[in-house]
Amino acid sequence: MTTAPQLDIPPRPRTWPRRALIAGAVLVVTVLTTTPALGGVEIDLDSIARNWGNGASRIAMLFQPDWSILPRTWEPMLETLEMALIGTAVSAALAIPLSLWAARPTNPGNPLRMAVRFVLNVVRAVPDLVYATILVAMVGVGALPGIITLVLFDLGIVVKLVSEAIDSSDSSYMEAGRAAGGTQTQINRVTALPQAWPAFASQVLYSLELNVRVSAILGLVGAGGIGRLIDEVRGFYRYDALSTIILLLLVVVILIEVASNYLRKRLR
Amino acid sequence: MRQHTTQPEAEGATPSASVPWPIALDQVTVRYPNGVVALKDVSLRVEPGEMISVVGLSGSGKSTMIRTINGLVPATSGTVTVGPHTVTGLSGRQLRQLRGHVGMIFQHFNLADRASVYQNVLVGRFSHTPTWRTLLGSARPADRDIAMRALDSVGMLEKVWQRGGALSGGQKQRVAIARALSQEPAVMLADEPVASLDPPTAHSVMADLQRINQERGLTVLVNLHLMDLARQYTTRMIGLREGRLVYDGPAADATDADFEEIYGRPIQVKDRLDR
């Protein structure tokens, strides 16, 4: 029998102090956020048991979809899709220059970049329902306030994600453009734009997906689309009809997701 | 009788196409914002049409020196003169105009990988093109012609509609040379142009630069760290060590001892391309 030579294994670094620290931090945060006396939220688990019956009957109704509502869904559903598409298209067009202005390689001048980023942070901070409510008051009930809301909502997302993609990507071609005596605008147009294209197209497709979901909600405040119908049936406690609408929405969202996944793969 | 010119005049261009420019550095020092002094009191005159190599280890200041010539790195003190331009103190439109006459190629090619070869070469026409025209994406026929001819001169015309990223390293560097040539420059700068290439490709790219120098009469300044390439392809050699000029003489006559002086250490196998 041969014996393998003794291996000189370096001592394994100790990890338990680190783990204990993380576990302790999680515990402290949990206690702080769930103890009302310490400023946490009040969580009354008993109420789930007490009120179970109220919700259960509604959930039961949700499991028995009322298909008779289906013919009434076509028109608002079409409106929702149109709003989503128009909102995506308009925001995409606006996002091209804004993304380039918001990224460091494509806009090294600090003041303008900071200004664009600040405005977009404000745009992102306002909830979409607030936009919709204000716009419905300003331009009236219908699809238009919904579309404007979607444009603002999409701009916040697309510009942030695309400009961050530009920030983190290799931009050595910039030096060649500068060495050739190009202006920043020329460099951006001819080289940075094609480089950013996949990130841009990918985020625009993502915003289209989001728009269908979001525009379902916007109808609740009168900003058009399928949400108006949702609001109506919910008001009459027709949870069976609501279930049909939710299923329809699910199908549409999945279809769009499949289509955009396919397109995104083709972009690579 | 009226005179006819077949070549359309590029707007804002001073005559440069085939007139090489001299380069002069006068006591140039570069101190970066982080305090590093990359170039110390370097004085140098390059005659028009010379093919000159700048040799030194990485960190010796050769990348910094080459960038003071087109103003990518400003000289902290001293003056840099290129042809009729004093680079020091130039900014904005004047600086871009100077850069339009100075072609440059890079170690990592610096192509936009997702843009077509054609678009990448059009970058060389930037300084001769108004921004609005670039923005609309409509190149003048004359610019298109110059770009195509530049590609043809490096044997890359058949790749014109391919993406930059689809090319091999050697092909990318040729496209980068075409980009620089389409500027119709008076001076060509090359910063370690073959350091990312395999030996046979490195030789053919160096031969391209030599041909540009001989056929177009351009002033060519090329940064290298390999001694055999400097000896074989350039006529004059500058040595930099720790930001100081430590050698200036004919490249072919440079002895191994001279290189040891430039490198500041004995010669190693990796200092030659062909081992």
# chains A, B, ... in the order shown; residues from 1 in each chain; ligands from 1
$ closest_atom_pairs --of "chain B" --to "chain A" --cutoff "6 Å" --atoms "only C-alpha atoms" --output "Markdown table"
| residue | atom | partner | partner_atom | distance |
| --- | --- | --- | --- | --- |
| B:Arg96 | CA | A:Gly181 | CA | 4.0 |
| B:Arg99 | CA | A:Gly181 | CA | 4.7 |
| B:Gly100 | CA | A:Gly181 | CA | 5.0 |
| B:Asn110 | CA | A:Tyr173 | CA | 4.3 |
| B:Leu111 | CA | A:Tyr173 | CA | 5.2 |
| B:Ala112 | CA | A:Tyr173 | CA | 5.5 |
| B:Arg114 | CA | A:Gln195 | CA | 5.3 |
| B:Ala115 | CA | A:Pro194 | CA | 5.5 |
| B:Gly124 | CA | A:Ala180 | CA | 5.5 |
| B:Phe126 | CA | A:Gly182 | CA | 4.8 |
| B:Ser127 | CA | A:Gly181 | CA | 4.9 |
| B:Thr131 | CA | A:Gln186 | CA | 5.9 |
| B:Thr134 | CA | A:Gln186 | CA | 5.9 |
$ write_last_selection --atoms "C-alpha atoms" --output "mmCIF file, in the first residue's frame"
data_model
loop_
_atom_site.group_PDB
_atom_site.id
_atom_site.type_symbol
_atom_site.label_atom_id
_atom_site.label_comp_id
_atom_site.auth_asym_id
_atom_site.auth_seq_id
_atom_site.Cartn_x
_atom_site.Cartn_y
_atom_site.Cartn_z
ATOM 1 C CA ARG B 96 -10.543 70.009 -33.131
ATOM 2 C CA ARG B 99 -6.662 67.162 -34.474
ATOM 3 C CA GLY B 100 -8.259 66.854 -37.903
ATOM 4 C CA ASN B 110 -10.635 51.885 -30.348
ATOM 5 C CA LEU B 111 -13.275 50.952 -32.911
ATOM 6 C CA ALA B 112 -16.979 51.044 -32.114
ATOM 7 C CA ARG B 114 -21.340 47.563 -33.105
ATOM 8 C CA ALA B 115 -20.947 50.253 -35.756
ATOM 9 C CA GLY B 124 -11.957 60.304 -39.576
ATOM 10 C CA PHE B 126 -15.514 64.460 -38.319
ATOM 11 C CA SER B 127 -13.342 67.559 -38.271
ATOM 12 C CA THR B 131 -22.088 68.606 -36.792
ATOM 13 C CA THR B 134 -23.230 64.104 -39.031
#
$ residues_around --residues "segment 42-59 of chain B" --least-positions-apart "4" --cutoff "8 Å" --atoms "only C-alpha atoms" --output "ChimeraX atom specification"
/B:20-29,38,210,213,217-227,230,234-245,251,262-263
$ residues_around --residues "Leu144 of chain A" --least-positions-apart "5" --cutoff "10 Å" --atoms "only C-alpha atoms" --output "PyMOL selection string"
chain A and resi 83+87+132+135-136+139+149-150+223-224
$ atom_distance --atom1 "atom CA of Asn34 of chain B" --atom2 "atom CA of Arg265 of chain B"
27.3 Å
$ residues_around --residues "segment 103-106 of chain A" --least-positions-apart "2" --cutoff "6 Å" --atoms "only C-alpha atoms" --output "PyMOL selection string"
chain A and resi 100-101+108+163+167
$ select_by_dssp --residues "segment 22-271 of chain B" --states "alpha helix (DSSP H)" --output "JSON, numbers by chain"
{"B": [62, 63, 64, 65, 66, 67, 68, 69, 92, 93, 94, 95, 96, 97, 98, 99, 100, 117, 118, 119, 120, 121, 122, 131, 132, 133, 134, 135, 136, 141, 142, 143, 144, 145, 146, 147, 148, 149, 150, 151, 152, 153, 169, 170, 171, 172, 173, 174, 175, 176, 177, 178, 179, 180, 181, 199, 200, 201, 202, 203, 204, 205, 206, 207, 208, 209, 210, 211, 212, 213, 214, 215, 216, 227, 228, 229, 230, 231, 232, 233, 256, 257, 258, 259, 260, 261, 262, 263]}
$ decode --residues "segment 255-275 of chain B" --atoms "N, CA and C atoms" --output "PDB file, in the first residue's frame"
ATOM      1  N   THR B 255      22.540  50.223 -30.276  1.00  0.00           N
ATOM      2  CA  THR B 255      23.134  48.966 -29.815  1.00  0.00           C
ATOM      3  C   THR B 255      22.291  48.388 -28.670  1.00  0.00           C
ATOM      4  N   ASP B 256      22.572  47.129 -28.360  1.00  0.00           N
ATOM      5  CA  ASP B 256      21.886  46.511 -27.228  1.00  0.00           C
ATOM      6  C   ASP B 256      22.140  47.311 -25.950  1.00  0.00           C
ATOM      7  N   ALA B 257      23.355  47.873 -25.850  1.00  0.00           N
ATOM      8  CA  ALA B 257      23.677  48.674 -24.668  1.00  0.00           C
ATOM      9  C   ALA B 257      22.777  49.907 -24.594  1.00  0.00           C
ATOM     10  N   ASP B 258      22.490  50.495 -25.779  1.00  0.00           N
ATOM     11  CA  ASP B 258      21.591  51.650 -25.799  1.00  0.00           C
ATOM     12  C   ASP B 258      20.211  51.259 -25.274  1.00  0.00           C
ATOM     13  N   PHE B 259      19.724  50.089 -25.698  1.00  0.00           N
ATOM     14  CA  PHE B 259      18.399  49.645 -25.247  1.00  0.00           C
ATOM     15  C   PHE B 259      18.394  49.370 -23.751  1.00  0.00           C
ATOM     16  N   GLU B 260      19.531  48.796 -23.251  1.00  0.00           N
ATOM     17  CA  GLU B 260      19.602  48.544 -21.809  1.00  0.00           C
ATOM     18  C   GLU B 260      19.552  49.851 -21.028  1.00  0.00           C
ATOM     19  N   GLU B 261      20.153  50.882 -21.633  1.00  0.00           N
ATOM     20  CA  GLU B 261      20.105  52.214 -21.017  1.00  0.00           C
ATOM     21  C   GLU B 261      18.665  52.751 -21.002  1.00  0.00           C
ATOM     22  N   ILE B 262      17.938  52.521 -22.125  1.00  0.00           N
ATOM     23  CA  ILE B 262      16.552  53.006 -22.211  1.00  0.00           C
ATOM     24  C   ILE B 262      15.651  52.241 -21.246  1.00  0.00           C
ATOM     25  N   TYR B 263      15.818  50.900 -21.247  1.00  0.00           N
ATOM     26  CA  TYR B 263      14.955  50.093 -20.389  1.00  0.00           C
ATOM     27  C   TYR B 263      15.338  50.222 -18.916  1.00  0.00           C
ATOM     28  N   GLY B 264      16.626  50.562 -18.674  1.00  0.00           N
ATOM     29  CA  GLY B 264      17.099  50.656 -17.295  1.00  0.00           C
ATOM     30  C   GLY B 264      17.315  49.284 -16.672  1.00  0.00           C
ATOM     31  N   ARG B 265      17.493  48.258 -17.520  1.00  0.00           N
ATOM     32  CA  ARG B 265      17.732  46.898 -17.035  1.00  0.00           C
ATOM     33  C   ARG B 265      18.314  46.088 -18.192  1.00  0.00           C
ATOM     34  N   PRO B 266      18.874  44.887 -17.891  1.00  0.00           N
ATOM     35  CA  PRO B 266      19.393  44.053 -18.985  1.00  0.00           C
ATOM     36  C   PRO B 266      18.283  43.664 -19.963  1.00  0.00           C
ATOM     37  N   ILE B 267      18.650  43.401 -21.221  1.00  0.00           N
ATOM     38  CA  ILE B 267      17.666  43.010 -22.239  1.00  0.00           C
ATOM     39  C   ILE B 267      17.106  41.630 -21.924  1.00  0.00           C
ATOM     40  N   GLN B 268      15.800  41.465 -22.098  1.00  0.00           N
ATOM     41  CA  GLN B 268      15.150  40.178 -21.855  1.00  0.00           C
ATOM     42  C   GLN B 268      14.558  39.662 -23.156  1.00  0.00           C
ATOM     43  N   VAL B 269      14.148  38.392 -23.139  1.00  0.00           N
ATOM     44  CA  VAL B 269      13.591  37.778 -24.353  1.00  0.00           C
ATOM     45  C   VAL B 269      12.364  38.552 -24.831  1.00  0.00           C
ATOM     46  N   LYS B 270      11.572  39.021 -23.881  1.00  0.00           N
ATOM     47  CA  LYS B 270      10.302  39.670 -24.254  1.00  0.00           C
ATOM     48  C   LYS B 270      10.499  41.040 -24.887  1.00  0.00           C
ATOM     49  N   ASP B 271      11.721  41.540 -24.950  1.00  0.00           N
ATOM     50  CA  ASP B 271      11.953  42.841 -25.568  1.00  0.00           C
ATOM     51  C   ASP B 271      12.037  42.762 -27.084  1.00  0.00           C
ATOM     52  N   ARG B 272      12.024  41.515 -27.602  1.00  0.00           N
ATOM     53  CA  ARG B 272      12.037  41.348 -29.055  1.00  0.00           C
ATOM     54  C   ARG B 272      10.750  40.664 -29.486  1.00  0.00           C
ATOM     55  N   LEU B 273      10.269  41.003 -30.691  1.00  0.00           N
ATOM     56  CA  LEU B 273       9.093  40.346 -31.232  1.00  0.00           C
ATOM     57  C   LEU B 273       9.482  38.977 -31.771  1.00  0.00           C
ATOM     58  N   ASP B 274      10.583  38.920 -32.556  1.00  0.00           N
ATOM     59  CA  ASP B 274      11.008  37.664 -33.165  1.00  0.00           C
ATOM     60  C   ASP B 274      12.079  37.033 -32.291  1.00  0.00           C
ATOM     61  N   ARG B 275      11.724  35.922 -31.640  1.00  0.00           N
ATOM     62  CA  ARG B 275      12.630  35.354 -30.642  1.00  0.00           C
ATOM     63  C   ARG B 275      13.549  34.302 -31.208  1.00  0.00           C
TER      64      ARG B 275
END
